[in-house]
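Structure file model_3.cif (mmCIF, C-alpha atoms, pLDDT in the B column; chains and numbers go by the auth columns) is printed below.
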```cif
data_coords
loop_
_atom_site.group_PDB
_atom_site.id
_atom_site.type_symbol
_atom_site.label_atom_id
_atom_site.label_comp_id
_atom_site.label_asym_id
_atom_site.label_seq_id
_atom_site.Cartn_x
_atom_site.Cartn_y
_atom_site.Cartn_z
_atom_site.B_iso_or_equiv
_atom_site.auth_seq_id
_atom_site.auth_asym_id
ATOM 1 C CA MET A 1 -82.803 -30.859 -33.045 69.00 1 A
ATOM 2 C CA GLN A 2 -80.371 -33.676 -33.264 75.00 2 A
ATOM 3 C CA LEU A 3 -81.262 -34.562 -36.847 71.00 3 A
ATOM 4 C CA LEU A 4 -79.681 -31.270 -37.955 79.00 4 A
ATOM 5 C CA GLN A 5 -76.366 -32.025 -36.274 77.00 5 A
ATOM 6 C CA GLY A 6 -74.680 -33.778 -39.174 78.00 6 A
ATOM 7 C CA ILE A 7 -76.022 -31.517 -41.886 78.00 7 A
ATOM 8 C CA TYR A 8 -74.856 -28.224 -40.452 74.00 8 A
ATOM 9 C CA GLN A 9 -71.423 -29.762 -39.893 76.00 9 A
ATOM 10 C CA SER A 10 -71.378 -30.853 -43.546 81.00 10 A
ATOM 11 C CA MET A 11 -72.343 -27.336 -44.597 78.00 11 A
ATOM 12 C CA LYS A 12 -69.530 -25.846 -42.521 78.00 12 A
ATOM 13 C CA GLY A 13 -67.119 -28.173 -44.338 79.00 13 A
ATOM 14 C CA ILE A 14 -67.939 -26.572 -47.680 78.00 14 A
ATOM 15 C CA SER A 15 -65.471 -23.917 -48.738 70.00 15 A
ATOM 16 C CA GLY A 16 -64.365 -22.122 -51.866 70.00 16 A
ATOM 17 C CA ASN A 17 -62.195 -25.156 -52.636 74.00 17 A
ATOM 18 C CA SER A 18 -65.070 -27.626 -52.469 76.00 18 A
ATOM 19 C CA SER A 19 -65.994 -29.548 -55.575 82.00 19 A
ATOM 20 C CA GLN A 20 -69.361 -29.780 -57.243 84.00 20 A
ATOM 21 C CA ASP A 21 -69.580 -33.351 -55.917 86.00 21 A
ATOM 22 C CA ASP A 22 -69.112 -32.034 -52.367 80.00 22 A
ATOM 23 C CA LEU A 23 -71.971 -29.574 -52.856 83.00 23 A
ATOM 24 C CA THR A 24 -74.152 -32.230 -54.482 87.00 24 A
ATOM 25 C CA ARG A 25 -73.586 -34.519 -51.505 86.00 25 A
ATOM 26 C CA VAL A 26 -74.401 -31.743 -49.025 84.00 26 A
ATOM 27 C CA SER A 27 -77.461 -30.739 -51.064 88.00 27 A
ATOM 28 C CA ALA A 28 -78.760 -34.313 -50.917 88.00 28 A
ATOM 29 C CA GLY A 29 -78.301 -34.213 -47.143 85.00 29 A
ATOM 30 C CA LEU A 30 -80.152 -30.899 -46.970 87.00 30 A
ATOM 31 C CA VAL A 31 -83.108 -32.374 -48.862 89.00 31 A
ATOM 32 C CA GLN A 32 -83.165 -35.379 -46.530 87.00 32 A
ATOM 33 C CA ALA A 33 -83.020 -33.135 -43.451 86.00 33 A
ATOM 34 C CA LYS A 34 -85.816 -30.937 -44.825 86.00 34 A
ATOM 35 C CA ASP A 35 -87.975 -33.995 -45.437 86.00 35 A
ATOM 36 C CA LYS A 36 -87.276 -35.334 -41.941 87.00 36 A
ATOM 37 C CA ILE A 37 -88.218 -31.989 -40.375 86.00 37 A
ATOM 38 C CA ARG A 38 -91.502 -31.973 -42.316 85.00 38 A
ATOM 39 C CA GLU A 39 -92.190 -35.578 -41.306 86.00 39 A
ATOM 40 C CA GLU A 40 -91.515 -34.816 -37.627 87.00 40 A
ATOM 41 C CA LEU A 41 -93.789 -31.778 -37.733 88.00 41 A
ATOM 42 C CA GLN A 42 -96.529 -33.795 -39.362 87.00 42 A
ATOM 43 C CA ALA A 43 -96.139 -36.747 -36.992 88.00 43 A
ATOM 44 C CA SER A 44 -96.180 -34.493 -33.935 90.00 44 A
ATOM 45 C CA THR A 45 -99.348 -32.715 -35.066 91.00 45 A
ATOM 46 C CA ALA A 46 -101.269 -35.520 -36.814 89.00 46 A
ATOM 47 C CA GLU A 47 -103.602 -36.117 -33.876 91.00 47 A
ATOM 48 C CA ASP A 48 -104.551 -32.441 -33.657 93.00 48 A
ATOM 49 C CA LEU A 49 -105.007 -32.330 -37.405 93.00 49 A
ATOM 50 C CA THR A 50 -107.427 -35.261 -37.256 92.00 50 A
ATOM 51 C CA SER A 51 -109.733 -33.268 -34.988 94.00 51 A
ATOM 52 C CA ILE A 52 -109.376 -30.230 -37.264 94.00 52 A
ATOM 53 C CA ILE A 53 -110.442 -32.346 -40.238 94.00 53 A
ATOM 54 C CA LYS A 54 -113.537 -33.409 -38.293 94.00 54 A
ATOM 55 C CA LYS A 55 -114.358 -29.756 -37.607 94.00 55 A
ATOM 56 C CA LEU A 56 -113.859 -28.855 -41.262 93.00 56 A
ATOM 57 C CA LYS A 57 -116.173 -31.676 -42.332 93.00 57 A
ATOM 58 C CA LYS A 58 -118.854 -30.283 -40.010 93.00 58 A
ATOM 59 C CA GLN A 59 -118.119 -26.760 -41.308 89.00 59 A
ATOM 60 C CA GLU A 60 -117.254 -25.579 -37.809 90.00 60 A
ATOM 61 C CA LEU A 61 -115.092 -22.508 -37.327 90.00 61 A
ATOM 62 C CA LEU A 62 -111.419 -23.089 -36.610 92.00 62 A
ATOM 63 C CA THR A 63 -109.560 -21.336 -33.825 93.00 63 A
ATOM 64 C CA PRO A 64 -106.538 -19.202 -34.781 93.00 64 A
ATOM 65 C CA GLU A 65 -104.274 -21.992 -33.473 94.00 65 A
ATOM 66 C CA GLU A 66 -106.049 -24.550 -35.627 94.00 66 A
ATOM 67 C CA ARG A 67 -105.761 -22.306 -38.689 93.00 67 A
ATOM 68 C CA ASN A 68 -102.046 -21.952 -37.948 92.00 68 A
ATOM 69 C CA LEU A 69 -101.644 -25.698 -37.729 93.00 69 A
ATOM 70 C CA VAL A 70 -103.394 -26.204 -41.063 93.00 70 A
ATOM 71 C CA GLY A 71 -101.015 -23.561 -42.404 93.00 71 A
ATOM 72 C CA PHE A 72 -98.000 -25.533 -41.156 90.00 72 A
ATOM 73 C CA TRP A 73 -99.202 -28.508 -43.150 92.00 73 A
ATOM 74 C CA ILE A 74 -100.224 -26.680 -46.327 91.00 74 A
ATOM 75 C CA VAL A 75 -97.797 -23.753 -46.676 93.00 75 A
ATOM 76 C CA GLY A 76 -95.349 -24.227 -43.805 89.00 76 A
ATOM 77 C CA ASP A 77 -92.462 -24.695 -46.217 89.00 77 A
ATOM 78 C CA ALA A 78 -93.232 -21.441 -48.010 93.00 78 A
ATOM 79 C CA GLU A 79 -93.831 -19.525 -44.795 92.00 79 A
ATOM 80 C CA GLY A 80 -90.594 -20.794 -43.274 88.00 80 A
ATOM 81 C CA PHE A 81 -88.654 -19.799 -46.376 89.00 81 A
ATOM 82 C CA THR A 82 -90.129 -16.320 -46.748 91.00 82 A
ATOM 83 C CA LYS A 83 -89.622 -15.528 -43.048 89.00 83 A
ATOM 84 C CA MET A 84 -85.990 -16.640 -43.086 88.00 84 A
ATOM 85 C CA GLU A 85 -84.958 -15.210 -46.467 87.00 85 A
ATOM 86 C CA GLU A 86 -82.810 -12.136 -45.992 88.00 86 A
ATOM 87 C CA ASP A 87 -81.388 -11.679 -49.493 89.00 87 A
ATOM 88 C CA PHE A 88 -84.500 -10.501 -51.343 91.00 88 A
ATOM 89 C CA ASN A 89 -83.485 -6.820 -51.361 92.00 89 A
ATOM 90 C CA GLU A 90 -79.949 -7.733 -52.417 94.00 90 A
ATOM 91 C CA TRP A 91 -81.357 -9.853 -55.251 95.00 91 A
ATOM 92 C CA GLN A 92 -83.407 -6.906 -56.463 95.00 92 A
ATOM 93 C CA GLU A 93 -80.352 -4.644 -56.304 95.00 93 A
ATOM 94 C CA GLU A 94 -78.260 -7.222 -58.149 96.00 94 A
ATOM 95 C CA PHE A 95 -80.939 -7.579 -60.812 96.00 95 A
ATOM 96 C CA ARG A 96 -80.941 -3.793 -61.362 96.00 96 A
ATOM 97 C CA ARG A 97 -77.124 -3.791 -61.486 96.00 97 A
ATOM 98 C CA LEU A 98 -77.116 -6.567 -64.073 96.00 98 A
ATOM 99 C CA SER A 99 -79.726 -4.682 -66.111 95.00 99 A
ATOM 100 C CA GLY A 100 -77.430 -1.658 -66.191 95.00 100 A
ATOM 101 C CA LEU A 101 -74.484 -3.839 -67.146 94.00 101 A
ATOM 102 C CA LEU A 102 -76.444 -5.347 -70.029 94.00 102 A
ATOM 103 C CA GLU A 103 -77.312 -1.840 -71.166 93.00 103 A
ATOM 104 C CA THR A 104 -73.605 -1.080 -71.559 93.00 104 A
ATOM 105 C CA TYR A 105 -73.132 -4.229 -73.662 90.00 105 A
ATOM 106 C CA ALA A 106 -76.116 -3.320 -75.862 89.00 106 A
ATOM 107 C CA GLY A 107 -74.145 -0.428 -77.353 86.00 107 A
ATOM 108 C CA GLN A 108 -70.964 -2.416 -78.016 87.00 108 A
ATOM 109 C CA ASP A 109 -69.803 -4.183 -81.134 89.00 109 A
ATOM 110 C CA PRO A 110 -70.496 -7.914 -80.923 90.00 110 A
ATOM 111 C CA SER A 111 -66.885 -8.997 -80.494 93.00 111 A
ATOM 112 C CA PRO A 112 -66.296 -12.510 -79.176 94.00 112 A
ATOM 113 C CA ARG A 113 -65.160 -11.078 -75.810 92.00 113 A
ATOM 114 C CA ALA A 114 -68.202 -8.790 -75.489 92.00 114 A
ATOM 115 C CA LEU A 115 -70.523 -11.649 -76.452 94.00 115 A
ATOM 116 C CA MET A 116 -68.895 -13.952 -73.890 94.00 116 A
ATOM 117 C CA GLU A 117 -69.139 -11.322 -71.148 94.00 117 A
ATOM 118 C CA ALA A 118 -72.766 -10.489 -72.019 94.00 118 A
ATOM 119 C CA HIS A 119 -73.517 -14.220 -71.916 96.00 119 A
ATOM 120 C CA GLY A 120 -72.075 -14.393 -68.399 96.00 120 A
ATOM 121 C CA VAL A 121 -74.147 -11.418 -67.271 95.00 121 A
ATOM 122 C CA LEU A 122 -77.264 -13.048 -68.720 96.00 122 A
ATOM 123 C CA GLU A 123 -76.483 -16.303 -66.862 97.00 123 A
ATOM 124 C CA ASP A 124 -76.246 -14.365 -63.617 96.00 124 A
ATOM 125 C CA ALA A 125 -79.431 -12.405 -64.368 97.00 125 A
ATOM 126 C CA ILE A 126 -81.325 -15.645 -65.032 97.00 126 A
ATOM 127 C CA ARG A 127 -80.187 -17.064 -61.682 95.00 127 A
ATOM 128 C CA VAL A 128 -81.132 -13.892 -59.772 96.00 128 A
ATOM 129 C CA ALA A 129 -84.490 -13.622 -61.567 97.00 129 A
ATOM 130 C CA ALA A 130 -85.243 -17.229 -60.579 96.00 130 A
ATOM 131 C CA ASP A 131 -84.428 -16.458 -56.921 95.00 131 A
ATOM 132 C CA ILE A 132 -86.671 -13.376 -56.952 96.00 132 A
ATOM 133 C CA SER A 133 -89.455 -15.242 -58.711 97.00 133 A
ATOM 134 C CA PHE A 134 -89.333 -18.179 -56.290 95.00 134 A
ATOM 135 C CA PHE A 135 -89.466 -15.861 -53.274 95.00 135 A
ATOM 136 C CA LEU A 136 -92.443 -13.921 -54.671 96.00 136 A
ATOM 137 C CA GLU A 137 -94.225 -17.152 -55.613 96.00 137 A
ATOM 138 C CA GLU A 138 -93.823 -18.561 -52.101 96.00 138 A
ATOM 139 C CA LYS A 139 -94.884 -15.275 -50.501 95.00 139 A
ATOM 140 C CA GLU A 140 -97.994 -15.144 -52.680 96.00 140 A
ATOM 141 C CA ARG A 141 -98.757 -18.784 -51.860 95.00 141 A
ATOM 142 C CA VAL A 142 -98.755 -17.956 -48.133 95.00 142 A
ATOM 143 C CA GLU A 143 -100.892 -14.865 -48.674 94.00 143 A
ATOM 144 C CA ARG A 144 -103.459 -16.784 -50.762 93.00 144 A
ATOM 145 C CA PHE A 145 -103.639 -19.507 -48.118 93.00 145 A
ATOM 146 C CA ASN A 146 -104.092 -16.991 -45.287 92.00 146 A
ATOM 147 C CA SER A 147 -106.848 -15.259 -47.190 91.00 147 A
ATOM 148 C CA ALA A 148 -108.593 -18.552 -47.924 89.00 148 A
ATOM 149 C CA ILE A 149 -108.277 -20.038 -44.422 92.00 149 A
ATOM 150 C CA ASN A 150 -109.669 -16.865 -42.874 90.00 150 A
ATOM 151 C CA ASN A 151 -112.656 -16.833 -45.248 88.00 151 A
ATOM 152 C CA LEU A 152 -113.492 -20.521 -45.670 89.00 152 A
ATOM 153 C CA THR A 153 -116.379 -21.398 -47.906 89.00 153 A
ATOM 154 C CA PRO A 154 -117.948 -24.868 -47.744 90.00 154 A
ATOM 155 C CA ASP A 155 -116.106 -25.765 -50.964 90.00 155 A
ATOM 156 C CA ASP A 156 -112.819 -24.516 -49.498 87.00 156 A
ATOM 157 C CA ALA A 157 -113.372 -26.641 -46.408 90.00 157 A
ATOM 158 C CA LYS A 158 -114.044 -29.744 -48.530 91.00 158 A
ATOM 159 C CA PHE A 159 -110.928 -29.074 -50.562 90.00 159 A
ATOM 160 C CA LEU A 160 -108.833 -28.631 -47.409 91.00 160 A
ATOM 161 C CA VAL A 161 -110.205 -31.856 -45.948 92.00 161 A
ATOM 162 C CA SER A 162 -109.257 -33.818 -49.062 91.00 162 A
ATOM 163 C CA MET A 163 -105.822 -32.203 -49.209 90.00 163 A
ATOM 164 C CA LEU A 164 -105.066 -32.797 -45.538 91.00 164 A
ATOM 165 C CA GLN A 165 -106.339 -36.375 -45.636 90.00 165 A
ATOM 166 C CA SER A 166 -104.168 -37.023 -48.648 89.00 166 A
ATOM 167 C CA MET A 167 -101.139 -35.570 -46.882 87.00 167 A
ATOM 168 C CA MET A 168 -101.842 -37.658 -43.774 85.00 168 A
ATOM 169 C CA SER A 169 -102.135 -40.871 -45.759 82.00 169 A
ATOM 170 C CA ARG A 170 -98.829 -40.450 -47.579 71.00 170 A
ATOM 171 C CA ALA A 171 -96.363 -43.181 -46.795 48.00 171 A
ATOM 172 C CA ASP A 172 -93.555 -40.767 -45.934 51.00 172 A
ATOM 173 C CA MET A 173 -95.519 -38.981 -43.208 49.00 173 A
#
```
Full structure transcribed into structure tokens:
Amino acid sequence: MQLLQGIYQSMKGISGNSSQDDLTRVSAGLVQAKDKIREELQASTAEDLTSIIKKLKKQELLTPEERNLVGFWIVGDAEGFTKMEEDFNEWQEEFRRLSGLLETYAGQDPSPRALMEAHGVLEDAIRVAADISFFLEEKERVERFNSAINNLTPDDAKFLVSMLQSMMSRADM
């Protein structure tokens, strides 16, 4: 995928000496690349999705491939993230380690140094908790979608139709 060429080269250019501005610039490029990937996926599958919407309107059953395609549109971002994420177990370990570290500070006198160090541990714990929470949220989102798409009620089908039509009509598609 040629559109990824520049972004991965920018990422490789980031090192321990890079500034926050460098990372901000690369992050903006990552967001743009992510949006372009989504737009290409949607553009390349819009025709198929149109026929799926027609089937949903008629309350016809979808094939597994059609359900997968609807999944790409609705939860593809979450599914892609949860399949590629390899740090979840390390995050859980780090969270437990930080919990133990905080336990040691709990018994200390509140000296300025101990307070500063405990503050740093809490900052790290907040970051790790957010990573864990985001992963679990995305995983649950995919699971809820899979359950719903495999057991579509008429109301679910109507909701999916409106959601997919809305996504297709967006200007950035």
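Nearest-residue note for Glu40 of chain A: choosing from A:Asp77, A:Gly13, A:Leu3, A:Pro112, the minimum distance belongs to A:Leu3, counting all atoms listed in the file.
Between atom CA of Glu65 of chain A and atom CA of Asn151 of chain A lies a distance of 15.3 Å.
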task: Return as a PyMOL selection string the set of residues that the PyMOL selection byres ((chain A and resi 92) around 12) yields on the displayed structure.
output: chain A and resi 86-91+93-99+125+127-133+135-136
Write the residues you've just listed into a file as a CSV table (one decimal), keeping the file's coordinate frame, and include C-alpha atoms for each of them.
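In the end it all went to again-v4.csv:
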```
chain,number,residue,atom,x,y,z
A,86,GLU,CA,-82.8,-12.1,-46.0
A,87,ASP,CA,-81.4,-11.7,-49.5
A,88,PHE,CA,-84.5,-10.5,-51.3
A,89,ASN,CA,-83.5,-6.8,-51.4
A,90,GLU,CA,-79.9,-7.7,-52.4
A,91,TRP,CA,-81.4,-9.9,-55.3
A,93,GLU,CA,-80.4,-4.6,-56.3
A,94,GLU,CA,-78.3,-7.2,-58.1
A,95,PHE,CA,-80.9,-7.6,-60.8
A,96,ARG,CA,-80.9,-3.8,-61.4
A,97,ARG,CA,-77.1,-3.8,-61.5
A,98,LEU,CA,-77.1,-6.6,-64.1
A,99,SER,CA,-79.7,-4.7,-66.1
A,125,ALA,CA,-79.4,-12.4,-64.4
A,127,ARG,CA,-80.2,-17.1,-61.7
A,128,VAL,CA,-81.1,-13.9,-59.8
A,129,ALA,CA,-84.5,-13.6,-61.6
A,130,ALA,CA,-85.2,-17.2,-60.6
A,131,ASP,CA,-84.4,-16.5,-56.9
A,132,ILE,CA,-86.7,-13.4,-57.0
A,133,SER,CA,-89.5,-15.2,-58.7
A,135,PHE,CA,-89.5,-15.9,-53.3
A,136,LEU,CA,-92.4,-13.9,-54.7
```
message: I'd like to see the residues matched by the PyMOL selection byres ((chain A and resi 139) around 12) on this file, and ideally I'd get them as an MDAnalysis selection string.
response: chainID A and resid 75:85 88 132:138 140:146
- request: Write out as a list in words which residues come within 12 Å of Thr153 of chain A when counting all atoms listed in the file, dropping same-chain ones fewer than 6 positions away.
  value: Leu56, Lys57, Gln59, Glu60, Leu61, Ser147, Phe159 and Leu160 of chain A
Same residues, C-alpha atoms, saved as a CSV table (one decimal), keeping the file's coordinate frame:
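Output (part-v9.csv):
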```csv
chain,number,residue,atom,x,y,z
A,56,LEU,CA,-113.9,-28.9,-41.3
A,57,LYS,CA,-116.2,-31.7,-42.3
A,59,GLN,CA,-118.1,-26.8,-41.3
A,60,GLU,CA,-117.3,-25.6,-37.8
A,61,LEU,CA,-115.1,-22.5,-37.3
A,147,SER,CA,-106.8,-15.3,-47.2
A,159,PHE,CA,-110.9,-29.1,-50.6
A,160,LEU,CA,-108.8,-28.6,-47.4
```
Let me have the centre and edge lengths of the axis-aligned box enclosing all listed atoms of segment 113-128 of chain A with 3 Å padding on every side, in Å to one decimal, as lines of an AutoDock Vina configuration file.
```
center_x = -73.2
center_y = -12.9
center_z = -68.1
size_x = 22.2
size_y = 14.3
size_z = 22.7
```
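Atom CA of Asp35 of chain A is positioned 21.5 Å from atom CA of Ile14 of chain A.
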